[in-house]
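Chemist: Structure: coords23.pdb, PDB, C-alpha atoms, pLDDT in the B column.
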ATOM      1  CA  TYR A 131      70.879 111.230  95.377  1.00 69.00           C
ATOM      2  CA  ARG A 132      70.532 109.567  91.972  1.00 76.00           C
ATOM      3  CA  LEU A 133      70.844 112.947  90.240  1.00 78.00           C
ATOM      4  CA  LEU A 134      74.070 113.627  92.158  1.00 80.00           C
ATOM      5  CA  VAL A 135      75.459 110.279  90.986  1.00 84.00           C
ATOM      6  CA  GLU A 136      74.392 110.997  87.404  1.00 88.00           C
ATOM      7  CA  LEU A 137      76.228 114.335  87.505  1.00 81.00           C
ATOM      8  CA  ALA A 138      79.325 113.056  89.334  1.00 87.00           C
ATOM      9  CA  PRO A 139      82.630 113.500  87.447  1.00 90.00           C
ATOM     10  CA  ASP A 140      83.879 110.118  88.694  1.00 92.00           C
ATOM     11  CA  GLY A 141      82.659 106.827  87.330  1.00 94.00           C
ATOM     12  CA  VAL A 142      80.101 105.015  89.496  1.00 94.00           C
ATOM     13  CA  LEU A 143      79.184 101.370  88.923  1.00 95.00           C
ATOM     14  CA  VAL A 144      76.686  99.309  90.884  1.00 95.00           C
ATOM     15  CA  HIS A 145      77.106  95.550  90.623  1.00 95.00           C
ATOM     16  CA  HIS A 146      75.845  92.301  92.118  1.00 94.00           C
ATOM     17  CA  ASP A 147      77.995  89.157  92.095  1.00 91.00           C
ATOM     18  CA  GLY A 148      80.455  91.077  89.927  1.00 91.00           C
ATOM     19  CA  ILE A 149      77.908  91.845  87.184  1.00 94.00           C
ATOM     20  CA  ILE A 150      77.247  95.520  86.458  1.00 95.00           C
ATOM     21  CA  GLU A 151      73.629  96.603  87.028  1.00 95.00           C
ATOM     22  CA  TYR A 152      74.047 100.379  86.840  1.00 95.00           C
ATOM     23  CA  ALA A 153      76.584 102.865  85.481  1.00 95.00           C
ATOM     24  CA  ASN A 154      76.507 106.647  85.535  1.00 95.00           C
ATOM     25  CA  PRO A 155      77.427 108.679  82.424  1.00 95.00           C
ATOM     26  CA  ALA A 156      80.972 109.326  83.673  1.00 95.00           C
ATOM     27  CA  GLY A 157      81.461 105.602  84.160  1.00 94.00           C
ATOM     28  CA  ALA A 158      80.279 104.915  80.621  1.00 95.00           C
ATOM     29  CA  ARG A 159      82.709 107.458  79.197  1.00 94.00           C
ATOM     30  CA  MET A 160      85.566 106.155  81.306  1.00 94.00           C
ATOM     31  CA  PHE A 161      85.073 102.544  80.293  1.00 95.00           C
ATOM     32  CA  GLY A 162      84.508 103.351  76.621  1.00 94.00           C
ATOM     33  CA  ALA A 163      80.806 102.500  76.427  1.00 95.00           C
ATOM     34  CA  SER A 164      78.429 104.208  74.033  1.00 94.00           C
ATOM     35  CA  SER A 165      75.957 104.712  76.904  1.00 95.00           C
ATOM     36  CA  PRO A 166      75.542 103.629  80.538  1.00 95.00           C
ATOM     37  CA  LYS A 167      73.176 100.857  79.404  1.00 95.00           C
ATOM     38  CA  ALA A 168      75.973  99.343  77.308  1.00 96.00           C
ATOM     39  CA  LEU A 169      77.821  98.399  80.508  1.00 96.00           C
ATOM     40  CA  ILE A 170      74.877  96.634  82.135  1.00 96.00           C
ATOM     41  CA  GLY A 171      75.346  92.869  82.269  1.00 96.00           C
ATOM     42  CA  LEU A 172      79.123  92.986  81.828  1.00 95.00           C
ATOM     43  CA  ALA A 173      81.502  91.435  84.356  1.00 93.00           C
ATOM     44  CA  LEU A 174      83.485  94.069  86.242  1.00 92.00           C
ATOM     45  CA  GLU A 175      86.647  91.973  86.416  1.00 90.00           C
ATOM     46  CA  GLY A 176      86.641  91.719  82.619  1.00 91.00           C
ATOM     47  CA  PHE A 177      87.994  95.279  82.474  1.00 93.00           C
ATOM     48  CA  ALA A 178      90.967  94.483  84.701  1.00 91.00           C
ATOM     49  CA  HIS A 179      94.466  93.936  83.372  1.00 90.00           C
ATOM     50  CA  PRO A 180      95.108  90.157  83.308  1.00 89.00           C
ATOM     51  CA  ALA A 181      97.971  90.481  85.785  1.00 88.00           C
ATOM     52  CA  GLU A 182      95.682  92.234  88.276  1.00 89.00           C
ATOM     53  CA  ARG A 183      92.534  90.118  88.025  1.00 88.00           C
ATOM     54  CA  ASP A 184      93.379  88.013  91.061  1.00 89.00           C
ATOM     55  CA  ARG A 185      93.659  91.180  93.119  1.00 88.00           C
ATOM     56  CA  ILE A 186      90.313  92.415  91.757  1.00 87.00           C
ATOM     57  CA  ARG A 187      88.698  89.079  92.636  1.00 87.00           C
ATOM     58  CA  ASN A 188      90.068  89.299  96.157  1.00 88.00           C
ATOM     59  CA  ARG A 189      88.675  92.795  96.617  1.00 88.00           C
ATOM     60  CA  LEU A 190      85.270  91.756  95.258  1.00 87.00           C
ATOM     61  CA  ARG A 191      85.317  88.699  97.522  1.00 88.00           C
ATOM     62  CA  HIS A 192      85.901  90.958 100.515  1.00 90.00           C
ATOM     63  CA  LEU A 193      82.976  93.198  99.543  1.00 90.00           C
ATOM     64  CA  LYS A 194      80.696  90.208  98.918  1.00 86.00           C
ATOM     65  CA  ALA A 195      81.366  89.033 102.462  1.00 87.00           C
ATOM     66  CA  GLY A 196      80.068  92.407 103.718  1.00 80.00           C
ATOM     67  CA  PRO A 197      78.438  94.757 104.166  1.00 90.00           C
ATOM     68  CA  GLY A 198      81.839  96.423 104.099  1.00 91.00           C
ATOM     69  CA  TRP A 199      84.049  98.846 102.254  1.00 92.00           C
ATOM     70  CA  LEU A 200      87.454  99.150 100.610  1.00 90.00           C
ATOM     71  CA  GLY A 201      89.504 102.306 100.129  1.00 93.00           C
ATOM     72  CA  PHE A 202      90.959 103.616  96.891  1.00 93.00           C
ATOM     73  CA  GLU A 203      93.516 101.425  95.159  1.00 91.00           C
ATOM     74  CA  GLN A 204      95.211 102.017  91.822  1.00 91.00           C
ATOM     75  CA  ARG A 205      94.555  99.523  89.035  1.00 91.00           C
ATOM     76  CA  HIS A 206      95.138  99.136  85.283  1.00 93.00           C
ATOM     77  CA  VAL A 207      92.054  98.540  83.143  1.00 93.00           C
ATOM     78  CA  THR A 208      91.204  98.217  79.466  1.00 93.00           C
ATOM     79  CA  ALA A 209      88.156 100.124  78.231  1.00 94.00           C
ATOM     80  CA  LEU A 210      85.706  98.724  75.686  1.00 94.00           C
ATOM     81  CA  ASP A 211      87.239 100.971  73.028  1.00 93.00           C
ATOM     82  CA  GLY A 212      90.695  99.533  73.694  1.00 92.00           C
ATOM     83  CA  ARG A 213      92.138 102.406  75.718  1.00 92.00           C
ATOM     84  CA  GLU A 214      94.536 101.427  78.499  1.00 93.00           C
ATOM     85  CA  LEU A 215      93.667 103.329  81.671  1.00 93.00           C
ATOM     86  CA  VAL A 216      94.975 103.710  85.189  1.00 93.00           C
ATOM     87  CA  VAL A 217      92.154 104.199  87.683  1.00 93.00           C
ATOM     88  CA  ASP A 218      91.777 104.652  91.415  1.00 93.00           C
ATOM     89  CA  GLY A 219      88.888 102.506  92.609  1.00 93.00           C
ATOM     90  CA  ALA A 220      87.016 102.154  95.894  1.00 94.00           C
ATOM     91  CA  GLY A 221      83.881 100.267  96.850  1.00 93.00           C
ATOM     92  CA  VAL A 222      81.209  99.769  99.480  1.00 93.00           C
ATOM     93  CA  SER A 223      78.776  96.868  99.811  1.00 94.00           C
ATOM     94  CA  PHE A 224      75.323  97.078 101.393  1.00 93.00           C
ATOM     95  CA  LEU A 225      72.149  95.081 101.680  1.00 91.00           C
ATOM     96  CA  GLU A 226      69.241  95.939  99.417  1.00 89.00           C
ATOM     97  CA  GLY A 227      66.452  93.655 100.529  1.00 87.00           C
ATOM     98  CA  ASP A 228      67.998  90.184 100.522  1.00 88.00           C
ATOM     99  CA  ARG A 229      70.670  91.094  97.938  1.00 91.00           C
ATOM    100  CA  LEU A 230      74.179  92.328  98.670  1.00 93.00           C
ATOM    101  CA  ILE A 231      74.928  95.205  96.321  1.00 94.00           C
ATOM    102  CA  VAL A 232      78.337  96.759  95.668  1.00 94.00           C
ATOM    103  CA  GLN A 233      78.787 100.358  94.612  1.00 94.00           C
ATOM    104  CA  SER A 234      82.205 101.212  93.204  1.00 94.00           C
ATOM    105  CA  VAL A 235      83.706 104.596  92.406  1.00 94.00           C
ATOM    106  CA  PHE A 236      86.453 105.010  89.814  1.00 95.00           C
ATOM    107  CA  ARG A 237      88.679 107.984  89.138  1.00 93.00           C
ATOM    108  CA  ASP A 238      90.759 108.196  85.952  1.00 94.00           C
ATOM    109  CA  VAL A 239      94.375 108.973  86.956  1.00 93.00           C
ATOM    110  CA  THR A 240      95.999 107.884  83.686  1.00 92.00           C
ATOM    111  CA  ASP A 241      97.604 111.255  82.934  1.00 90.00           C
ATOM    112  CA  GLN A 242      99.043 111.607  86.442  1.00 89.00           C
ATOM    113  CA  ALA A 243     100.376 108.038  86.415  1.00 87.00           C
ATOM    114  CA  ARG A 244     102.028 108.517  83.023  1.00 88.00           C
ATOM    115  CA  SER A 245     103.589 111.789  84.139  1.00 89.00           C
ATOM    116  CA  ARG A 246     105.078 110.082  87.196  1.00 87.00           C
ATOM    117  CA  GLU A 247     106.393 107.225  85.063  1.00 85.00           C
ATOM    118  CA  ALA A 248     107.918 109.620  82.529  1.00 86.00           C
ATOM    119  CA  MET A 249     109.605 111.613  85.279  1.00 86.00           C
ATOM    120  CA  ALA A 250     110.977 108.438  86.866  1.00 83.00           C
ATOM    121  CA  GLU A 251     112.323 107.323  83.469  1.00 84.00           C
ATOM    122  CA  ARG A 252     114.022 110.699  82.898  1.00 80.00           C
ATOM    123  CA  GLU A 253     115.602 110.591  86.345  1.00 79.00           C
ATOM    124  CA  GLN A 254     116.830 107.052  85.758  1.00 80.00           C
ATOM    125  CA  ARG A 255     118.327 107.987  82.375  1.00 77.00           C
ATOM    126  CA  PHE A 256     120.089 110.944  83.961  1.00 73.00           C
ATOM    127  CA  ARG A 257     121.513 108.770  86.706  1.00 71.00           C
ATOM    128  CA  ASP A 258     122.583 106.090  84.233  1.00 74.00           C
ATOM    129  CA  VAL A 259     124.481 108.702  82.212  1.00 70.00           C
ATOM    130  CA  ALA A 260     126.030 110.090  85.375  1.00 68.00           C
ATOM    131  CA  GLU A 261     127.200 106.650  86.470  1.00 67.00           C
ATOM    132  CA  ALA A 262     128.753 105.998  83.057  1.00 67.00           C
ATOM    133  CA  SER A 263     130.542 109.365  82.987  1.00 66.00           C
ATOM    134  CA  GLY A 264     132.939 108.509  85.797  1.00 66.00           C
ATOM    135  CA  GLU A 265     131.698 111.416  87.920  1.00 79.00           C
ATOM    136  CA  PHE A 266     129.369 111.312  90.901  1.00 85.00           C
ATOM    137  CA  VAL A 267     126.036 113.120  91.087  1.00 83.00           C
ATOM    138  CA  TRP A 268     124.634 114.640  94.235  1.00 87.00           C
ATOM    139  CA  GLU A 269     121.502 116.343  95.499  1.00 88.00           C
ATOM    140  CA  CYS A 270     121.170 118.440  98.650  1.00 90.00           C
ATOM    141  CA  ASP A 271     118.319 119.835 100.727  1.00 90.00           C
ATOM    142  CA  ARG A 272     117.974 123.458 101.866  1.00 88.00           C
ATOM    143  CA  GLN A 273     120.410 122.819 104.706  1.00 91.00           C
ATOM    144  CA  SER A 274     123.024 121.603 102.172  1.00 90.00           C
ATOM    145  CA  ARG A 275     122.767 118.032 103.474  1.00 94.00           C
ATOM    146  CA  PHE A 276     123.242 115.301 100.901  1.00 93.00           C
ATOM    147  CA  THR A 277     119.951 113.593 100.022  1.00 93.00           C
ATOM    148  CA  TYR A 278     121.190 111.624  97.001  1.00 88.00           C
ATOM    149  CA  LEU A 279     124.608 110.400  95.841  1.00 88.00           C
ATOM    150  CA  SER A 280     125.374 108.191  92.871  1.00 85.00           C
ATOM    151  CA  ASP A 281     127.386 105.002  93.397  1.00 85.00           C
ATOM    152  CA  ARG A 282     130.535 106.576  91.943  1.00 86.00           C
ATOM    153  CA  VAL A 283     131.070 108.637  95.125  1.00 90.00           C
ATOM    154  CA  GLU A 284     132.224 105.497  96.938  1.00 92.00           C
ATOM    155  CA  THR A 285     135.080 105.092  94.455  1.00 89.00           C
ATOM    156  CA  VAL A 286     136.035 108.768  94.587  1.00 91.00           C
ATOM    157  CA  LEU A 287     135.888 109.367  98.352  1.00 94.00           C
ATOM    158  CA  GLY A 288     136.089 105.850  99.745  1.00 94.00           C
ATOM    159  CA  PHE A 289     133.058 106.369 102.000  1.00 95.00           C
ATOM    160  CA  ARG A 290     129.918 104.318 101.620  1.00 94.00           C
ATOM    161  CA  ARG A 291     126.957 106.406 100.505  1.00 92.00           C
ATOM    162  CA  ALA A 292     125.205 105.705 103.809  1.00 94.00           C
ATOM    163  CA  GLU A 293     128.136 107.374 105.593  1.00 95.00           C
ATOM    164  CA  ILE A 294     127.688 110.586 103.596  1.00 96.00           C
ATOM    165  CA  LEU A 295     123.903 110.931 103.200  1.00 95.00           C
ATOM    166  CA  GLY A 296     122.466 113.422 105.672  1.00 95.00           C
ATOM    167  CA  ARG A 297     125.815 115.173 106.114  1.00 95.00           C
ATOM    168  CA  GLN A 298     127.234 118.292 104.457  1.00 95.00           C
ATOM    169  CA  ALA A 299     130.165 118.568 102.061  1.00 95.00           C
ATOM    170  CA  ARG A 300     131.953 120.760 104.619  1.00 94.00           C
ATOM    171  CA  ASP A 301     132.043 117.787 106.993  1.00 95.00           C
ATOM    172  CA  PHE A 302     134.630 116.224 104.690  1.00 96.00           C
ATOM    173  CA  MET A 303     136.790 119.309 104.063  1.00 95.00           C
ATOM    174  CA  PRO A 304     140.240 119.775 105.602  1.00 94.00           C
ATOM    175  CA  LEU A 305     140.732 122.542 108.158  1.00 92.00           C
ATOM    176  CA  GLY A 306     140.307 126.007 106.634  1.00 93.00           C
ATOM    177  CA  GLU A 307     138.790 124.809 103.348  1.00 94.00           C
ATOM    178  CA  GLU A 308     135.267 125.682 104.451  1.00 93.00           C
ATOM    179  CA  ARG A 309     136.117 129.418 104.620  1.00 93.00           C
ATOM    180  CA  VAL A 310     137.537 129.335 101.098  1.00 94.00           C
ATOM    181  CA  VAL A 311     134.405 127.610  99.759  1.00 94.00           C
ATOM    182  CA  ASP A 312     132.054 130.017 101.565  1.00 92.00           C
ATOM    183  CA  ALA A 313     133.895 133.020 100.102  1.00 93.00           C
ATOM    184  CA  TRP A 314     133.730 131.538  96.587  1.00 93.00           C
ATOM    185  CA  LEU A 315     129.995 130.812  96.886  1.00 91.00           C
ATOM    186  CA  ALA A 316     129.295 134.319  98.203  1.00 91.00           C
ATOM    187  CA  THR A 317     130.891 135.713  95.035  1.00 91.00           C
ATOM    188  CA  HIS A 318     129.678 133.251  92.420  1.00 90.00           C
ATOM    189  CA  ALA A 319     126.445 131.767  93.784  1.00 87.00           C
ATOM    190  CA  ALA A 320     124.831 134.373  96.008  1.00 84.00           C
ATOM    191  CA  GLY A 321     121.155 133.815  96.711  1.00 82.00           C
ATOM    192  CA  GLY A 322     121.247 130.157  95.744  1.00 78.00           C
ATOM    193  CA  LYS A 323     122.076 130.770  92.067  1.00 85.00           C
ATOM    194  CA  PRO A 324     123.377 127.839  89.988  1.00 87.00           C
ATOM    195  CA  PHE A 325     127.152 127.613  89.863  1.00 88.00           C
ATOM    196  CA  ARG A 326     129.901 125.836  87.929  1.00 88.00           C
ATOM    197  CA  ASP A 327     133.481 124.754  88.496  1.00 90.00           C
ATOM    198  CA  LEU A 328     133.814 125.258  92.228  1.00 92.00           C
ATOM    199  CA  GLU A 329     137.126 123.613  93.114  1.00 93.00           C
ATOM    200  CA  TYR A 330     137.950 122.602  96.652  1.00 94.00           C
ATOM    201  CA  ARG A 331     139.749 119.939  98.634  1.00 95.00           C
ATOM    202  CA  SER A 332     137.917 117.040 100.267  1.00 95.00           C
ATOM    203  CA  MET A 333     139.175 114.290 102.540  1.00 95.00           C
ATOM    204  CA  THR A 334     138.844 110.646 101.535  1.00 95.00           C
ATOM    205  CA  LYS A 335     138.158 107.899 104.019  1.00 94.00           C
ATOM    206  CA  SER A 336     141.837 106.936 103.927  1.00 94.00           C
ATOM    207  CA  GLY A 337     142.809 110.437 105.059  1.00 93.00           C
ATOM    208  CA  ALA A 338     144.098 111.751 101.718  1.00 94.00           C
ATOM    209  CA  ALA A 339     143.117 115.190 100.440  1.00 94.00           C
ATOM    210  CA  ILE A 340     141.841 115.290  96.849  1.00 94.00           C
ATOM    211  CA  TRP A 341     140.637 118.113  94.633  1.00 94.00           C
ATOM    212  CA  LEU A 342     137.024 118.129  93.495  1.00 92.00           C
ATOM    213  CA  SER A 343     135.418 120.254  90.783  1.00 90.00           C
ATOM    214  CA  VAL A 344     131.731 120.781  91.562  1.00 89.00           C
ATOM    215  CA  SER A 345     128.898 122.272  89.536  1.00 84.00           C
TER     216      SER A 345
END
Would you put the structure from the file into structure tokens?
Modeler:
Amino acid sequence: YRLLVELAPDGVLVHHDGIIEYANPAGARMFGASSPKALIGLALEGFAHPAERDRIRNRLRHLKAGPGWLGFEQRHVTALDGRELVVDGAGVSFLEGDRLIVQSVFRDVTDQARSREAMAEREQRFRDVAEASGEFVWECDRQSRFTYLSDRVETVLGFRRAEILGRQARDFMPLGEERVVDAWLATHAAGGKPFRDLEYRSMTKSGAAIWLSVS
């Protein structure tokens, strides 16, 4: 079992009263230590981001009241070498003689977390630009039902976004317009290809018909 822990790709720390008593090589690398022995005697909560230390203390308190376990939870930590990491951590506490020992497992998810944050920032920038442009932005699922609409749609069509989400654009077209749109799409966007400058009429909430240009 010890050899498996030594070879594990995830960091494993064993601690008592919050003080580290064992670390595997992966744990040493993750937390920026020169060797597993360099982590022994250090307080586990000392690696936690200051804003998250109360949460770490609460989780350790739960494990100390064990034996018990806690599932994976994402946390920000600072390694000994100054690197800022995002880790998923879980723990289990058990009795070893008359001592309650906690074994924690940590998985470095920094790259995945940063990728998600970068994608969210790009999406937000795109939506901010769309809102400032005076146009409305939409997204649809495979059934052509709206799954996202920018705020501007309420000004253009008069409907609240909640009244449009989950419905199709054809639900707001005047009689006969759907056939015109289907014929245009069959010519210009067959097979789900991207398209530009589709013009069609749509009904506003007040009952007026307006022209939309859609790409």
Chemist: List the neighbours of segment 133-144 of chain A out to 7 Å using only C-alpha atoms; skip same-chain residues closer than 5 positions along the sequence, and give me the result as a PDB file with C-alpha atoms, in the frame of the given file.
Modeler:
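The resulting file, result_29.pdb, is shown below:
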ATOM      1  CA  ILE A 150      77.247  95.520  86.458  1.00 95.00           C
ATOM      2  CA  GLU A 151      73.629  96.603  87.028  1.00 95.00           C
ATOM      3  CA  TYR A 152      74.047 100.379  86.840  1.00 95.00           C
ATOM      4  CA  ALA A 153      76.584 102.865  85.481  1.00 95.00           C
ATOM      5  CA  ASN A 154      76.507 106.647  85.535  1.00 95.00           C
ATOM      6  CA  PRO A 155      77.427 108.679  82.424  1.00 95.00           C
ATOM      7  CA  ALA A 156      80.972 109.326  83.673  1.00 95.00           C
ATOM      8  CA  GLY A 157      81.461 105.602  84.160  1.00 94.00           C
ATOM      9  CA  MET A 160      85.566 106.155  81.306  1.00 94.00           C
ATOM     10  CA  VAL A 232      78.337  96.759  95.668  1.00 94.00           C
ATOM     11  CA  GLN A 233      78.787 100.358  94.612  1.00 94.00           C
ATOM     12  CA  SER A 234      82.205 101.212  93.204  1.00 94.00           C
ATOM     13  CA  VAL A 235      83.706 104.596  92.406  1.00 94.00           C
ATOM     14  CA  PHE A 236      86.453 105.010  89.814  1.00 95.00           C
ATOM     15  CA  ARG A 237      88.679 107.984  89.138  1.00 93.00           C
TER      16      ARG A 237
END
Chemist: For this file, the PyMOL selection byres ((chain A and resi 216-218) around 9) selects which residues, as a list in words?
Modeler: Phe202, Glu203, Gln204, Arg205, His206, Val207, Thr208, Glu214, Leu215, Gly219, Ala220, Val235, Phe236, Arg237, Asp238, Val239, Thr240, Asp241, Gln242, Ala243 and Arg244 of chain A
Chemist: Between A:Arg159, A:Pro166, A:Ser336, A:Asp147, which has the minimum distance to Arg191 of chain A (counting all atoms listed in the file)?
Modeler: A:Asp147
Chemist: Evaluated on this file, the PyMOL selection byres ((chain A and resi 305-320) around 12) picks out some residues - which ones are they, written as a PyMOL selection string?
Modeler: chain A and resi 298-304+321-333+339-345
Chemist: Need the shell around Gly296 of chain A: protein/DNA/RNA residues with any atom at most 8 Å away, counting all atoms listed in the file. Skip same-chain ones fewer than 2 positions apart. Format as a list in words?
Modeler: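 My list of contacting residues is Arg275, Phe276, Thr277, Ile294 and Gln298 of chain A.
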Chemist: Given the file shown, determine the residues that the PyMOL selection byres ((chain A and resi 284) around 12) selects; report them as JSON, numbers by chain.
Modeler: {"A": [261, 264, 265, 266, 267, 279, 280, 281, 282, 283, 285, 286, 287, 288, 289, 290, 291, 292, 293, 294, 295, 334, 335, 336]}
Chemist: Once you have the residues from the selection above, write them out as a tab-separated table (two decimals), in the frame of the given file, restricted to C-alpha atoms.
Modeler:
chain	number	residue	atom	x	y	z
A	261	GLU	CA	127.20	106.65	86.47
A	264	GLY	CA	132.94	108.51	85.80
A	265	GLU	CA	131.70	111.42	87.92
A	266	PHE	CA	129.37	111.31	90.90
A	267	VAL	CA	126.04	113.12	91.09
A	279	LEU	CA	124.61	110.40	95.84
A	280	SER	CA	125.37	108.19	92.87
A	281	ASP	CA	127.39	105.00	93.40
A	282	ARG	CA	130.54	106.58	91.94
A	283	VAL	CA	131.07	108.64	95.12
A	285	THR	CA	135.08	105.09	94.46
A	286	VAL	CA	136.04	108.77	94.59
A	287	LEU	CA	135.89	109.37	98.35
A	288	GLY	CA	136.09	105.85	99.74
A	289	PHE	CA	133.06	106.37	102.00
A	290	ARG	CA	129.92	104.32	101.62
A	291	ARG	CA	126.96	106.41	100.50
A	292	ALA	CA	125.20	105.70	103.81
A	293	GLU	CA	128.14	107.37	105.59
A	294	ILE	CA	127.69	110.59	103.60
A	295	LEU	CA	123.90	110.93	103.20
A	334	THR	CA	138.84	110.65	101.54
A	335	LYS	CA	138.16	107.90	104.02
A	336	SER	CA	141.84	106.94	103.93
Chemist: If I take atom CA of Gly176 of chain A and atom CA of Gly227 of chain A, how far is one from the other in Å, to one decimal?
Modeler: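 The value is 27.1 Å.
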Chemist: Record the distance separating atom CA of Phe161 of chain A and atom CA of Leu210 of chain A, expressed in Å with one decimal.
Modeler: 6.0 Å
Chemist: Mind pulling up the distance from atom CA of Ile231 of chain A to atom CA of Leu169 of chain A?
Modeler: 16.4 Å
Chemist: Using the partial input, fill out segment 311-322 of chain A with N, CA and C atoms; write the result as a PDB file, in the coordinates of the input.
Modeler:
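Wrote it out as result06.pdb, contents follow:
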ATOM      1  N   VAL A 311     135.604 127.970 100.517  1.00 94.00           N
ATOM      2  CA  VAL A 311     134.405 127.610  99.759  1.00 94.00           C
ATOM      3  C   VAL A 311     133.293 128.629 100.002  1.00 94.00           C
ATOM      4  N   ASP A 312     133.102 129.041 101.256  1.00 92.00           N
ATOM      5  CA  ASP A 312     132.054 130.017 101.565  1.00 92.00           C
ATOM      6  C   ASP A 312     132.302 131.336 100.843  1.00 92.00           C
ATOM      7  N   ALA A 313     133.563 131.768 100.788  1.00 93.00           N
ATOM      8  CA  ALA A 313     133.895 133.020 100.102  1.00 93.00           C
ATOM      9  C   ALA A 313     133.631 132.902  98.604  1.00 93.00           C
ATOM     10  N   TRP A 314     133.968 131.739  98.017  1.00 93.00           N
ATOM     11  CA  TRP A 314     133.730 131.538  96.587  1.00 93.00           C
ATOM     12  C   TRP A 314     132.238 131.551  96.283  1.00 93.00           C
ATOM     13  N   LEU A 315     131.453 130.873  97.106  1.00 91.00           N
ATOM     14  CA  LEU A 315     129.995 130.812  96.886  1.00 91.00           C
ATOM     15  C   LEU A 315     129.361 132.188  97.051  1.00 91.00           C
ATOM     16  N   ALA A 316     129.852 132.980  97.999  1.00 91.00           N
ATOM     17  CA  ALA A 316     129.295 134.319  98.203  1.00 91.00           C
ATOM     18  C   ALA A 316     129.506 135.189  96.968  1.00 91.00           C
ATOM     19  N   THR A 317     130.586 134.933  96.233  1.00 91.00           N
ATOM     20  CA  THR A 317     130.891 135.713  95.035  1.00 91.00           C
ATOM     21  C   THR A 317     130.192 135.177  93.794  1.00 91.00           C
ATOM     22  N   HIS A 318     130.146 133.869  93.666  1.00 90.00           N
ATOM     23  CA  HIS A 318     129.678 133.251  92.420  1.00 90.00           C
ATOM     24  C   HIS A 318     128.283 132.642  92.485  1.00 90.00           C
ATOM     25  N   ALA A 319     127.748 132.446  93.685  1.00 87.00           N
ATOM     26  CA  ALA A 319     126.445 131.767  93.784  1.00 87.00           C
ATOM     27  C   ALA A 319     125.581 132.387  94.868  1.00 87.00           C
ATOM     28  N   ALA A 320     125.635 133.695  94.997  1.00 84.00           N
ATOM     29  CA  ALA A 320     124.831 134.373  96.008  1.00 84.00           C
ATOM     30  C   ALA A 320     123.343 134.161  95.760  1.00 84.00           C
ATOM     31  N   GLY A 321     122.604 133.984  96.829  1.00 82.00           N
ATOM     32  CA  GLY A 321     121.155 133.815  96.711  1.00 82.00           C
ATOM     33  C   GLY A 321     120.726 132.484  96.153  1.00 82.00           C
ATOM     34  N   GLY A 322     121.610 131.493  96.214  1.00 78.00           N
ATOM     35  CA  GLY A 322     121.247 130.157  95.744  1.00 78.00           C
ATOM     36  C   GLY A 322     121.275 129.988  94.239  1.00 78.00           C
TER      37      GLY A 322
END
